[in-house]
Amino acid sequence: MTPISQPILTRSLAAALAGLGFGLMGSGPVAAQETPATAAPPPSVQVDRGSALYGRPESGAAAKLAPVAGPPLATAAAKLPLDKLTVPEGFKVEVYASGLANAREMTQAPDGTLYVGTRTVGKVYAVLPKADGDGKRAVKTIATGLHRPNGVAYHDDALYVAELSKIWRYDDIANHLDGAAKPTLVYDDLPKDEAHGWKFIAIGPDNKLYVPVGAPGNIVMPPDTHAQIRRMDLDGKNAEVIARGVRNTVGFDWNPKTKQLWFTDNGRDWVSEDIPNDELNVLTEPGKQHFGYPYCHQGTFTDPEYGWGHTCSEFTAPAALLGAHTASLGLRFYTGTQFPEAYRDAMFVARHGSWNRTTKLGGDVVVARPGADGKTAAVEPFLTGFLQDNKYVGRPVDVLVAKDGSLLVSDDYNGAIYRVSYGR
């Protein structure tokens, strides 16, 4: 495995190709593809290289594109867009829980309690498993004041929570749903870059904690500490890098048959409306594979700035393409028995949806089935309707196979969790 290097100073970054409209490197706050809305600067203002708007053409339709902001508060249950959501025949969609502003990654305890992280409101929620007479489930706020606590994972009565640069463990969490739990610091050797700094975390079949570190900007030469996936012991010790060239993964899971890690990866912005695609990747040789960033995108396209002198054949090609700028996030293999046989061991992927395309793409959940080679995957729609008339009525973030075999889907735009079940 590749050991984690200490932070290093990178060379000064040259100005990007004039034809792509890149500005000069700055030192302001950073953002990224999947980012809260920010005001578009006047054309004469130089944009920091880490900003989501860095590289955006200053004229034409592109100049009108900017990140999509969700409502400031969670949407009331009665106003959620259930009537617009569609699933294959035999399936149905219902509201599982509402009132969870900015609901993001999910994890579920054996007793059915659902824990939900957030990215912008600094909270972690617990959704109690039993609904009341009106079908509503109680939502408790178990932690507040955290910095981008996007990632959550449950193991042995403890809840792991990943902030931007720290990972905490809340022991005996089931008995501390009132928010009184005092966390134990697990790991803090993480960068503080805001761009792609929010974490999706999970505990693998090897009882290791897996943590990604995204690239510190849209398209940059990353330091040796970034654009990677790490794994470590549950106490944060023995950390190692198992994958490099990963721009921004916000979802991964293990094939229940092969135990190999599959992950989504967001492609770079502002080359074109149609390229590059987000990627679905599979890690077959931990510690030995490089997935291309910043040299090659989608397995076929060398970067206009960093691709010189490289070919895509040098890097691990994606198992499937997930659409241009779709912000493909949460990923889970279906391990339940409620759904038909055709869905067993398939992957569900939440596509948060594009913002830097004139015609938006994504805003749905797709199903991806590994091929006979164990790598190449076929992708098809599953839960659609969050995108209406080129506007979002919801934005799926994460998927989770519930204890009863149904599929839970978080929506940070509305602050809700949906339940997809099957039964004729």
# chains A, B, ... in the order shown; residues from 1 in each chain; ligands from 1
$ residues_around --residues "Ala377 (chain A)" --least-positions-apart "5" --cutoff "8 Å" --atoms "only C-alpha atoms" --output "mmCIF file with all heavy atoms, in the first residue's frame"
data_model
loop_
_atom_site.group_PDB
_atom_site.id
_atom_site.type_symbol
_atom_site.label_atom_id
_atom_site.label_comp_id
_atom_site.auth_asym_id
_atom_site.auth_seq_id
_atom_site.Cartn_x
_atom_site.Cartn_y
_atom_site.Cartn_z
ATOM 1 N N ALA A 319 -15.562 1.746 -14.862
ATOM 2 C CA ALA A 319 -16.405 0.610 -15.208
ATOM 3 C C ALA A 319 -17.641 1.058 -15.973
ATOM 4 O O ALA A 319 -18.224 0.300 -16.742
ATOM 5 C CB ALA A 319 -16.821 -0.140 -13.947
ATOM 6 N N ALA A 320 -18.059 2.303 -15.752
ATOM 7 C CA ALA A 320 -19.212 2.870 -16.459
ATOM 8 C C ALA A 320 -19.148 4.380 -16.358
ATOM 9 O O ALA A 320 -18.498 4.939 -15.461
ATOM 10 C CB ALA A 320 -20.525 2.356 -15.872
ATOM 11 N N ALA A 368 -27.103 0.272 -11.521
ATOM 12 C CA ALA A 368 -25.964 -0.176 -12.328
ATOM 13 C C ALA A 368 -25.686 -1.637 -11.990
ATOM 14 O O ALA A 368 -25.545 -1.998 -10.821
ATOM 15 C CB ALA A 368 -24.735 0.681 -12.050
ATOM 16 N N ARG A 369 -25.582 -2.452 -13.018
ATOM 17 C CA ARG A 369 -25.361 -3.884 -12.821
ATOM 18 C C ARG A 369 -23.987 -4.273 -13.365
ATOM 19 O O ARG A 369 -23.714 -4.088 -14.558
ATOM 20 C CB ARG A 369 -26.440 -4.693 -13.524
ATOM 21 C CG ARG A 369 -27.846 -4.465 -12.966
ATOM 22 C CD ARG A 369 -28.882 -5.323 -13.675
ATOM 23 N NE ARG A 369 -30.172 -5.233 -13.034
ATOM 24 C CZ ARG A 369 -31.102 -4.316 -13.314
ATOM 25 N NH1 ARG A 369 -30.846 -3.403 -14.249
ATOM 26 N NH2 ARG A 369 -32.260 -4.305 -12.693
ATOM 27 N N PRO A 370 -23.116 -4.821 -12.500
ATOM 28 C CA PRO A 370 -21.796 -5.250 -12.974
ATOM 29 C C PRO A 370 -21.936 -6.307 -14.061
ATOM 30 O O PRO A 370 -22.830 -7.161 -14.022
ATOM 31 C CB PRO A 370 -21.140 -5.833 -11.712
ATOM 32 C CG PRO A 370 -21.875 -5.205 -10.576
ATOM 33 C CD PRO A 370 -23.278 -5.024 -11.053
ATOM 34 N N GLY A 371 -21.024 -6.253 -15.046
ATOM 35 C CA GLY A 371 -21.054 -7.212 -16.133
ATOM 36 C C GLY A 371 -20.416 -8.535 -15.751
ATOM 37 O O GLY A 371 -19.937 -8.730 -14.624
#
$ select_by_dssp --residues "region 150-297 of chain A" --states "strand (DSSP E)" --output "number ranges by chain"
A: 151-155, 158-162, 167-170, 184-187, 202-203, 209-213, 228-232, 240-244, 252-254, 261-265, 277-283, 296-297
$ residues_around --residues "Ala131 (chain A)" --least-positions-apart "5" --cutoff "12 Å" --atoms "only C-alpha atoms" --output "number ranges by chain"
A: 95-98, 112-113, 136-139
$ residues_around --residues "Ala109 (chain A)" --least-positions-apart "5" --cutoff "10 Å" --atoms "only C-alpha atoms" --output "NGL selection string"
:A and (114-115 or 129 or 153-159 or 173-174 or 402-403)
$ residues_around --residues "region 235-250 of chain A" --least-positions-apart "5" --cutoff "8 Å" --atoms "only C-alpha atoms" --output "tab-separated table (two decimals) with N, CA and C atoms, in the first residue's frame"
chain	number	residue	atom	x	y	z
A	1	MET	N	0.83	-1.19	0.00
A	1	MET	CA	0.00	0.00	0.00
A	1	MET	C	0.87	1.25	0.00
A	2	THR	N	0.30	2.34	-0.45
A	2	THR	CA	1.04	3.59	-0.50
A	2	THR	C	0.89	4.34	0.80
A	3	PRO	N	1.99	4.65	1.51
A	3	PRO	CA	1.89	5.39	2.76
A	3	PRO	C	1.43	6.81	2.49
A	4	ILE	N	0.81	7.42	3.48
A	4	ILE	CA	0.37	8.81	3.36
A	4	ILE	C	1.56	9.73	3.57
A	186	VAL	N	-11.14	10.41	16.49
A	186	VAL	CA	-10.58	9.22	15.87
A	186	VAL	C	-9.40	9.56	14.97
A	187	TYR	N	-9.54	10.65	14.18
A	187	TYR	CA	-8.53	10.95	13.16
A	187	TYR	C	-8.63	12.41	12.77
A	196	HIS	N	-14.35	20.11	-2.17
A	196	HIS	CA	-14.40	18.66	-2.07
A	196	HIS	C	-13.96	18.16	-0.70
A	199	LYS	N	-17.02	14.75	3.48
A	199	LYS	CA	-16.63	13.35	3.39
A	199	LYS	C	-17.84	12.41	3.35
A	200	PHE	N	-17.72	11.36	2.56
A	200	PHE	CA	-18.56	10.18	2.65
A	200	PHE	C	-17.69	9.11	3.29
A	209	LEU	N	-12.00	1.63	8.38
A	209	LEU	CA	-12.73	2.84	8.07
A	209	LEU	C	-12.16	3.45	6.80
A	212	PRO	N	-12.38	9.34	1.98
A	212	PRO	CA	-11.81	10.00	0.80
A	212	PRO	C	-11.28	11.38	1.12
A	213	VAL	N	-10.33	11.84	0.32
A	213	VAL	CA	-9.83	13.23	0.38
A	213	VAL	C	-9.89	13.76	-1.05
A	214	GLY	N	-10.81	14.67	-1.32
A	214	GLY	CA	-11.01	15.16	-2.67
A	214	GLY	C	-9.93	16.12	-3.13
A	215	ALA	N	-9.94	16.41	-4.43
A	215	ALA	CA	-9.02	17.40	-4.99
A	215	ALA	C	-9.39	18.78	-4.47
A	227	ALA	N	-6.93	13.97	-3.55
A	227	ALA	CA	-7.40	13.18	-4.69
A	227	ALA	C	-7.13	11.69	-4.48
A	228	GLN	N	-7.65	11.18	-3.37
A	228	GLN	CA	-7.35	9.80	-2.98
A	228	GLN	C	-8.43	9.24	-2.09
A	229	ILE	N	-8.35	7.94	-1.83
A	229	ILE	CA	-9.16	7.26	-0.83
A	229	ILE	C	-8.19	6.61	0.16
A	230	ARG	N	-8.45	6.82	1.44
A	230	ARG	CA	-7.63	6.21	2.48
A	230	ARG	C	-8.46	5.16	3.23
A	263	PHE	N	-16.91	2.88	-6.46
A	263	PHE	CA	-17.13	4.25	-6.02
A	263	PHE	C	-17.47	5.16	-7.19
A	264	THR	N	-18.25	6.19	-6.88
A	264	THR	CA	-18.55	7.24	-7.85
A	264	THR	C	-17.44	8.28	-7.79
A	265	ASP	N	-17.28	9.02	-8.88
A	265	ASP	CA	-16.28	10.10	-8.92
A	265	ASP	C	-16.80	11.20	-9.82
A	266	ASN	N	-16.85	12.43	-9.29
A	266	ASN	CA	-17.34	13.58	-10.06
A	266	ASN	C	-16.28	14.07	-11.03
A	267	GLY	N	-16.64	14.26	-12.28
A	267	GLY	CA	-15.72	14.76	-13.30
A	267	GLY	C	-15.50	16.26	-13.18
A	268	ARG	N	-14.44	16.75	-13.83
A	268	ARG	CA	-14.11	18.18	-13.77
A	268	ARG	C	-15.15	19.02	-14.51
A	283	LEU	N	-12.21	-0.71	-7.56
A	283	LEU	CA	-10.84	-0.88	-7.08
A	283	LEU	C	-10.53	-2.37	-6.99
A	286	PRO	N	-5.91	-2.63	-4.42
A	286	PRO	CA	-5.72	-1.53	-3.47
A	286	PRO	C	-4.26	-1.11	-3.36
A	287	GLY	N	-4.06	0.20	-3.43
A	287	GLY	CA	-2.72	0.76	-3.31
A	287	GLY	C	-1.95	0.85	-4.59
A	288	LYS	N	-2.48	0.31	-5.68
A	288	LYS	CA	-1.73	0.27	-6.94
A	288	LYS	C	-2.40	1.03	-8.08
A	289	GLN	N	-3.64	1.43	-7.92
A	289	GLN	CA	-4.37	2.01	-9.05
A	289	GLN	C	-4.46	3.53	-8.95
A	290	HIS	N	-4.36	4.16	-10.11
A	290	HIS	CA	-4.55	5.60	-10.27
A	290	HIS	C	-5.69	5.77	-11.26
A	291	PHE	N	-6.71	6.56	-10.89
A	291	PHE	CA	-7.92	6.66	-11.69
A	291	PHE	C	-7.96	7.89	-12.60
A	292	GLY	N	-6.81	8.56	-12.78
A	292	GLY	CA	-6.69	9.53	-13.86
A	292	GLY	C	-6.59	10.99	-13.52
A	293	TYR	N	-7.28	11.46	-12.50
A	293	TYR	CA	-7.28	12.89	-12.21
A	293	TYR	C	-5.89	13.35	-11.78
A	294	PRO	N	-5.37	14.49	-12.29
A	294	PRO	CA	-6.02	15.44	-13.20
A	294	PRO	C	-5.65	15.23	-14.67
A	328	SER	N	-22.79	12.55	-9.45
A	328	SER	CA	-23.14	11.21	-8.96
A	328	SER	C	-22.54	11.01	-7.57
A	329	LEU	N	-23.39	10.74	-6.59
A	329	LEU	CA	-22.95	10.73	-5.20
A	329	LEU	C	-23.13	9.34	-4.58
A	330	GLY	N	-24.12	9.17	-3.69
A	330	GLY	CA	-24.26	7.95	-2.92
A	330	GLY	C	-24.41	6.70	-3.75
$ closest_residue --among "A:Tyr160, A:Trp198, A:Tyr422, A:Phe339" --to "Arg104 (chain A)" --atoms "only C-alpha atoms"
A:Trp198
$ residues_around --residues "Tyr418 (chain A)" --least-positions-apart "5" --cutoff "10 Å" --atoms "only C-alpha atoms" --output "list in words"
Leu80, Leu82, Val93, Glu94, Val95, Tyr96, Ala97, Ser98, Pro396, Val399, Leu407, Leu408, Val409, Ser410 and Asp411 of chain A
$ write_last_selection --atoms "all heavy atoms" --output "mmCIF file, in the first residue's frame"
data_model
loop_
_atom_site.group_PDB
_atom_site.id
_atom_site.type_symbol
_atom_site.label_atom_id
_atom_site.label_comp_id
_atom_site.auth_asym_id
_atom_site.auth_seq_id
_atom_site.Cartn_x
_atom_site.Cartn_y
_atom_site.Cartn_z
ATOM 1 N N LEU A 80 -43.873 17.877 -0.287
ATOM 2 C CA LEU A 80 -42.817 17.126 -0.970
ATOM 3 C C LEU A 80 -43.321 16.627 -2.325
ATOM 4 O O LEU A 80 -44.513 16.337 -2.486
ATOM 5 C CB LEU A 80 -42.367 15.956 -0.089
ATOM 6 C CG LEU A 80 -41.620 16.365 1.188
ATOM 7 C CD1 LEU A 80 -41.425 15.177 2.105
ATOM 8 C CD2 LEU A 80 -40.271 16.989 0.827
ATOM 9 N N LEU A 82 -43.852 14.067 -4.106
ATOM 10 C CA LEU A 82 -44.134 12.650 -4.315
ATOM 11 C C LEU A 82 -44.871 12.391 -5.618
ATOM 12 O O LEU A 82 -44.626 11.380 -6.301
ATOM 13 C CB LEU A 82 -44.965 12.097 -3.147
ATOM 14 C CG LEU A 82 -44.235 11.539 -1.941
ATOM 15 C CD1 LEU A 82 -45.225 10.961 -0.963
ATOM 16 C CD2 LEU A 82 -43.221 10.485 -2.369
ATOM 17 N N VAL A 93 -43.204 4.776 -4.048
ATOM 18 C CA VAL A 93 -42.391 5.738 -3.299
ATOM 19 C C VAL A 93 -43.268 6.411 -2.264
ATOM 20 O O VAL A 93 -44.398 6.803 -2.555
ATOM 21 C CB VAL A 93 -41.787 6.820 -4.224
ATOM 22 C CG1 VAL A 93 -40.801 7.688 -3.457
ATOM 23 C CG2 VAL A 93 -41.121 6.197 -5.429
ATOM 24 N N GLU A 94 -42.732 6.550 -1.046
ATOM 25 C CA GLU A 94 -43.446 7.249 0.008
ATOM 26 C C GLU A 94 -42.450 8.054 0.831
ATOM 27 O O GLU A 94 -41.234 7.854 0.720
ATOM 28 C CB GLU A 94 -44.196 6.260 0.898
ATOM 29 C CG GLU A 94 -43.296 5.220 1.539
ATOM 30 C CD GLU A 94 -44.079 4.095 2.189
ATOM 31 O OE1 GLU A 94 -45.178 4.379 2.718
ATOM 32 O OE2 GLU A 94 -43.615 2.940 2.170
ATOM 33 N N VAL A 95 -42.951 8.963 1.631
ATOM 34 C CA VAL A 95 -42.091 9.744 2.509
ATOM 35 C C VAL A 95 -41.765 8.900 3.742
ATOM 36 O O VAL A 95 -42.671 8.425 4.434
ATOM 37 C CB VAL A 95 -42.761 11.059 2.935
ATOM 38 C CG1 VAL A 95 -41.871 11.812 3.924
ATOM 39 C CG2 VAL A 95 -43.030 11.931 1.715
ATOM 40 N N TYR A 96 -40.490 8.714 4.009
ATOM 41 C CA TYR A 96 -40.056 7.989 5.197
ATOM 42 C C TYR A 96 -39.906 8.941 6.378
ATOM 43 O O TYR A 96 -40.325 8.639 7.497
ATOM 44 C CB TYR A 96 -38.732 7.280 4.923
ATOM 45 C CG TYR A 96 -38.241 6.417 6.073
ATOM 46 C CD1 TYR A 96 -38.748 5.138 6.255
ATOM 47 C CD2 TYR A 96 -37.286 6.891 6.964
ATOM 48 C CE1 TYR A 96 -38.314 4.346 7.312
ATOM 49 C CE2 TYR A 96 -36.852 6.106 8.026
ATOM 50 C CZ TYR A 96 -37.369 4.829 8.189
ATOM 51 O OH TYR A 96 -36.939 4.058 9.243
ATOM 52 N N ALA A 97 -39.296 10.101 6.137
ATOM 53 C CA ALA A 97 -39.123 11.113 7.182
ATOM 54 C C ALA A 97 -38.948 12.465 6.528
ATOM 55 O O ALA A 97 -38.436 12.568 5.409
ATOM 56 C CB ALA A 97 -37.922 10.789 8.069
ATOM 57 N N SER A 98 -39.361 13.514 7.227
ATOM 58 C CA SER A 98 -39.205 14.885 6.733
ATOM 59 C C SER A 98 -38.720 15.763 7.875
ATOM 60 O O SER A 98 -38.654 15.338 9.032
ATOM 61 C CB SER A 98 -40.528 15.412 6.164
ATOM 62 O OG SER A 98 -41.540 15.401 7.169
ATOM 63 N N PRO A 396 -31.550 14.078 -4.987
ATOM 64 C CA PRO A 396 -31.115 12.907 -4.219
ATOM 65 C C PRO A 396 -29.615 12.933 -3.950
ATOM 66 O O PRO A 396 -28.827 13.328 -4.805
ATOM 67 C CB PRO A 396 -31.510 11.736 -5.117
ATOM 68 C CG PRO A 396 -31.590 12.305 -6.493
ATOM 69 C CD PRO A 396 -32.026 13.732 -6.331
ATOM 70 N N VAL A 399 -28.249 6.828 -0.991
ATOM 71 C CA VAL A 399 -29.170 5.695 -1.002
ATOM 72 C C VAL A 399 -28.718 4.714 0.065
ATOM 73 O O VAL A 399 -27.529 4.616 0.371
ATOM 74 C CB VAL A 399 -29.212 5.012 -2.385
ATOM 75 C CG1 VAL A 399 -29.894 5.896 -3.415
ATOM 76 C CG2 VAL A 399 -27.806 4.639 -2.859
ATOM 77 N N LEU A 407 -35.523 0.628 -0.152
ATOM 78 C CA LEU A 407 -34.422 1.533 -0.465
ATOM 79 C C LEU A 407 -34.774 2.918 0.055
ATOM 80 O O LEU A 407 -35.809 3.480 -0.295
ATOM 81 C CB LEU A 407 -34.175 1.596 -1.971
ATOM 82 C CG LEU A 407 -32.957 2.417 -2.413
ATOM 83 C CD1 LEU A 407 -31.670 1.668 -2.083
ATOM 84 C CD2 LEU A 407 -33.021 2.729 -3.912
ATOM 85 N N LEU A 408 -33.900 3.468 0.898
ATOM 86 C CA LEU A 408 -34.075 4.829 1.394
ATOM 87 C C LEU A 408 -33.239 5.783 0.556
ATOM 88 O O LEU A 408 -32.114 5.454 0.158
ATOM 89 C CB LEU A 408 -33.666 4.927 2.860
ATOM 90 C CG LEU A 408 -34.413 4.004 3.830
ATOM 91 C CD1 LEU A 408 -33.901 4.199 5.257
ATOM 92 C CD2 LEU A 408 -35.925 4.225 3.761
ATOM 93 N N VAL A 409 -33.789 6.957 0.283
ATOM 94 C CA VAL A 409 -33.128 7.965 -0.557
ATOM 95 C C VAL A 409 -33.197 9.306 0.152
ATOM 96 O O VAL A 409 -34.285 9.781 0.499
ATOM 97 C CB VAL A 409 -33.807 8.075 -1.945
ATOM 98 C CG1 VAL A 409 -33.100 9.116 -2.803
ATOM 99 C CG2 VAL A 409 -33.848 6.722 -2.647
ATOM 100 N N SER A 410 -32.045 9.923 0.403
ATOM 101 C CA SER A 410 -32.032 11.244 1.039
ATOM 102 C C SER A 410 -32.082 12.341 -0.020
ATOM 103 O O SER A 410 -31.577 12.181 -1.131
ATOM 104 C CB SER A 410 -30.796 11.415 1.920
ATOM 105 O OG SER A 410 -29.602 11.379 1.153
ATOM 106 N N ASP A 411 -32.693 13.452 0.352
ATOM 107 C CA ASP A 411 -32.891 14.603 -0.545
ATOM 108 C C ASP A 411 -32.511 15.852 0.237
ATOM 109 O O ASP A 411 -33.256 16.302 1.107
ATOM 110 C CB ASP A 411 -34.363 14.626 -0.977
ATOM 111 C CG ASP A 411 -34.776 15.882 -1.742
ATOM 112 O OD1 ASP A 411 -33.912 16.741 -2.014
ATOM 113 O OD2 ASP A 411 -35.982 16.012 -2.053
#
$ select_by_dssp --residues "region 12-251 of chain A" --states "helix (DSSP H, G or I)" --output "number ranges by chain"
A: 18-20, 61-64, 77-79, 82-84, 173-175
$ write_last_selection --atoms "N, CA, C and O atoms" --output "CSV table (one decimal), in the first residue's frame"
chain,number,residue,atom,x,y,z
A,18,ALA,N,-6.2,29.8,-22.4
A,18,ALA,CA,-7.0,31.0,-22.6
A,18,ALA,C,-8.3,30.7,-23.2
A,18,ALA,O,-9.4,31.3,-22.9
A,19,GLY,N,-8.4,29.6,-24.0
A,19,GLY,CA,-9.6,29.2,-24.7
A,19,GLY,C,-10.6,28.7,-23.7
A,19,GLY,O,-11.8,28.7,-24.0
A,20,LEU,N,-10.2,28.3,-22.5
A,20,LEU,CA,-11.1,27.8,-21.5
A,20,LEU,C,-11.5,28.9,-20.6
A,20,LEU,O,-12.3,28.6,-19.7
A,61,ALA,N,-24.1,31.5,-22.9
A,61,ALA,CA,-24.9,30.8,-22.0
A,61,ALA,C,-24.2,30.3,-20.7
A,61,ALA,O,-24.8,30.3,-19.7
A,62,ALA,N,-22.9,30.0,-20.9
A,62,ALA,CA,-22.2,29.5,-19.7
A,62,ALA,C,-22.1,30.5,-18.6
A,62,ALA,O,-22.1,30.2,-17.4
A,63,ALA,N,-22.0,31.8,-18.9
A,63,ALA,CA,-21.9,32.8,-17.9
A,63,ALA,C,-23.1,32.9,-17.0
A,63,ALA,O,-23.1,33.6,-16.0
A,64,LYS,N,-24.2,32.3,-17.5
A,64,LYS,CA,-25.4,32.4,-16.7
A,64,LYS,C,-25.5,31.2,-15.7
A,64,LYS,O,-26.5,31.2,-14.9
A,77,ALA,N,-43.8,18.1,4.9
A,77,ALA,CA,-44.1,16.8,4.3
A,77,ALA,C,-45.2,16.8,3.2
A,77,ALA,O,-45.1,16.2,2.2
A,78,ALA,N,-46.2,17.7,3.5
A,78,ALA,CA,-47.4,17.8,2.5
A,78,ALA,C,-47.0,18.4,1.2
A,78,ALA,O,-47.7,18.2,0.2
A,79,LYS,N,-45.8,19.1,1.2
A,79,LYS,CA,-45.4,19.8,0.0
A,79,LYS,C,-44.2,19.1,-0.8
A,79,LYS,O,-43.7,19.6,-1.7
A,82,LEU,N,-43.9,14.1,-4.1
A,82,LEU,CA,-44.1,12.7,-4.3
A,82,LEU,C,-44.9,12.4,-5.6
A,82,LEU,O,-44.6,11.4,-6.3
A,83,ASP,N,-45.8,13.3,-6.0
A,83,ASP,CA,-46.6,13.1,-7.2
A,83,ASP,C,-45.8,13.2,-8.5
A,83,ASP,O,-46.3,12.8,-9.5
A,84,LYS,N,-44.6,13.7,-8.4
A,84,LYS,CA,-43.7,13.8,-9.6
A,84,LYS,C,-42.7,12.7,-9.7
A,84,LYS,O,-42.0,12.6,-10.7
A,173,ILE,N,-24.3,5.3,21.2
A,173,ILE,CA,-25.1,6.4,20.6
A,173,ILE,C,-26.6,6.2,20.9
A,173,ILE,O,-27.3,7.2,21.0
A,174,ALA,N,-27.1,5.0,20.9
A,174,ALA,CA,-28.5,4.8,21.1
A,174,ALA,C,-29.0,5.3,22.4
A,174,ALA,O,-30.2,5.7,22.5
A,175,ASN,N,-28.2,5.5,23.4
A,175,ASN,CA,-28.6,6.0,24.7
A,175,ASN,C,-28.2,7.5,24.8
A,175,ASN,O,-28.3,8.0,25.9
$ atom_distance --atom1 "CA of Gly135 (chain A)" --atom2 "CA of Gly415 (chain A)"
17.2 Å
$ atom_distance --atom1 "CA of Glu341 (chain A)" --atom2 "CA of Ala372 (chain A)"
16.4 Å
$ atom_distance --atom1 "CA of Ala346 (chain A)" --atom2 "CA of Phe382 (chain A)"
11.7 Å
$ residues_around --residues "Gly122 (chain A)" --least-positions-apart "5" --cutoff "7 Å" --atoms "only C-alpha atoms" --output "PyMOL selection string"
chain A and resi 144-149
$ closest_residue --among "A:Ser313, A:Ala324, A:Leu85, A:Ala66" --to "Asp364 (chain A)" --atoms "only C-alpha atoms"
A:Leu85
$ closest_residue --among "A:Thr118, A:Ser51, A:Glu163, A:Thr359" --to "Pro216 (chain A)" --atoms "only C-alpha atoms"
A:Ser51
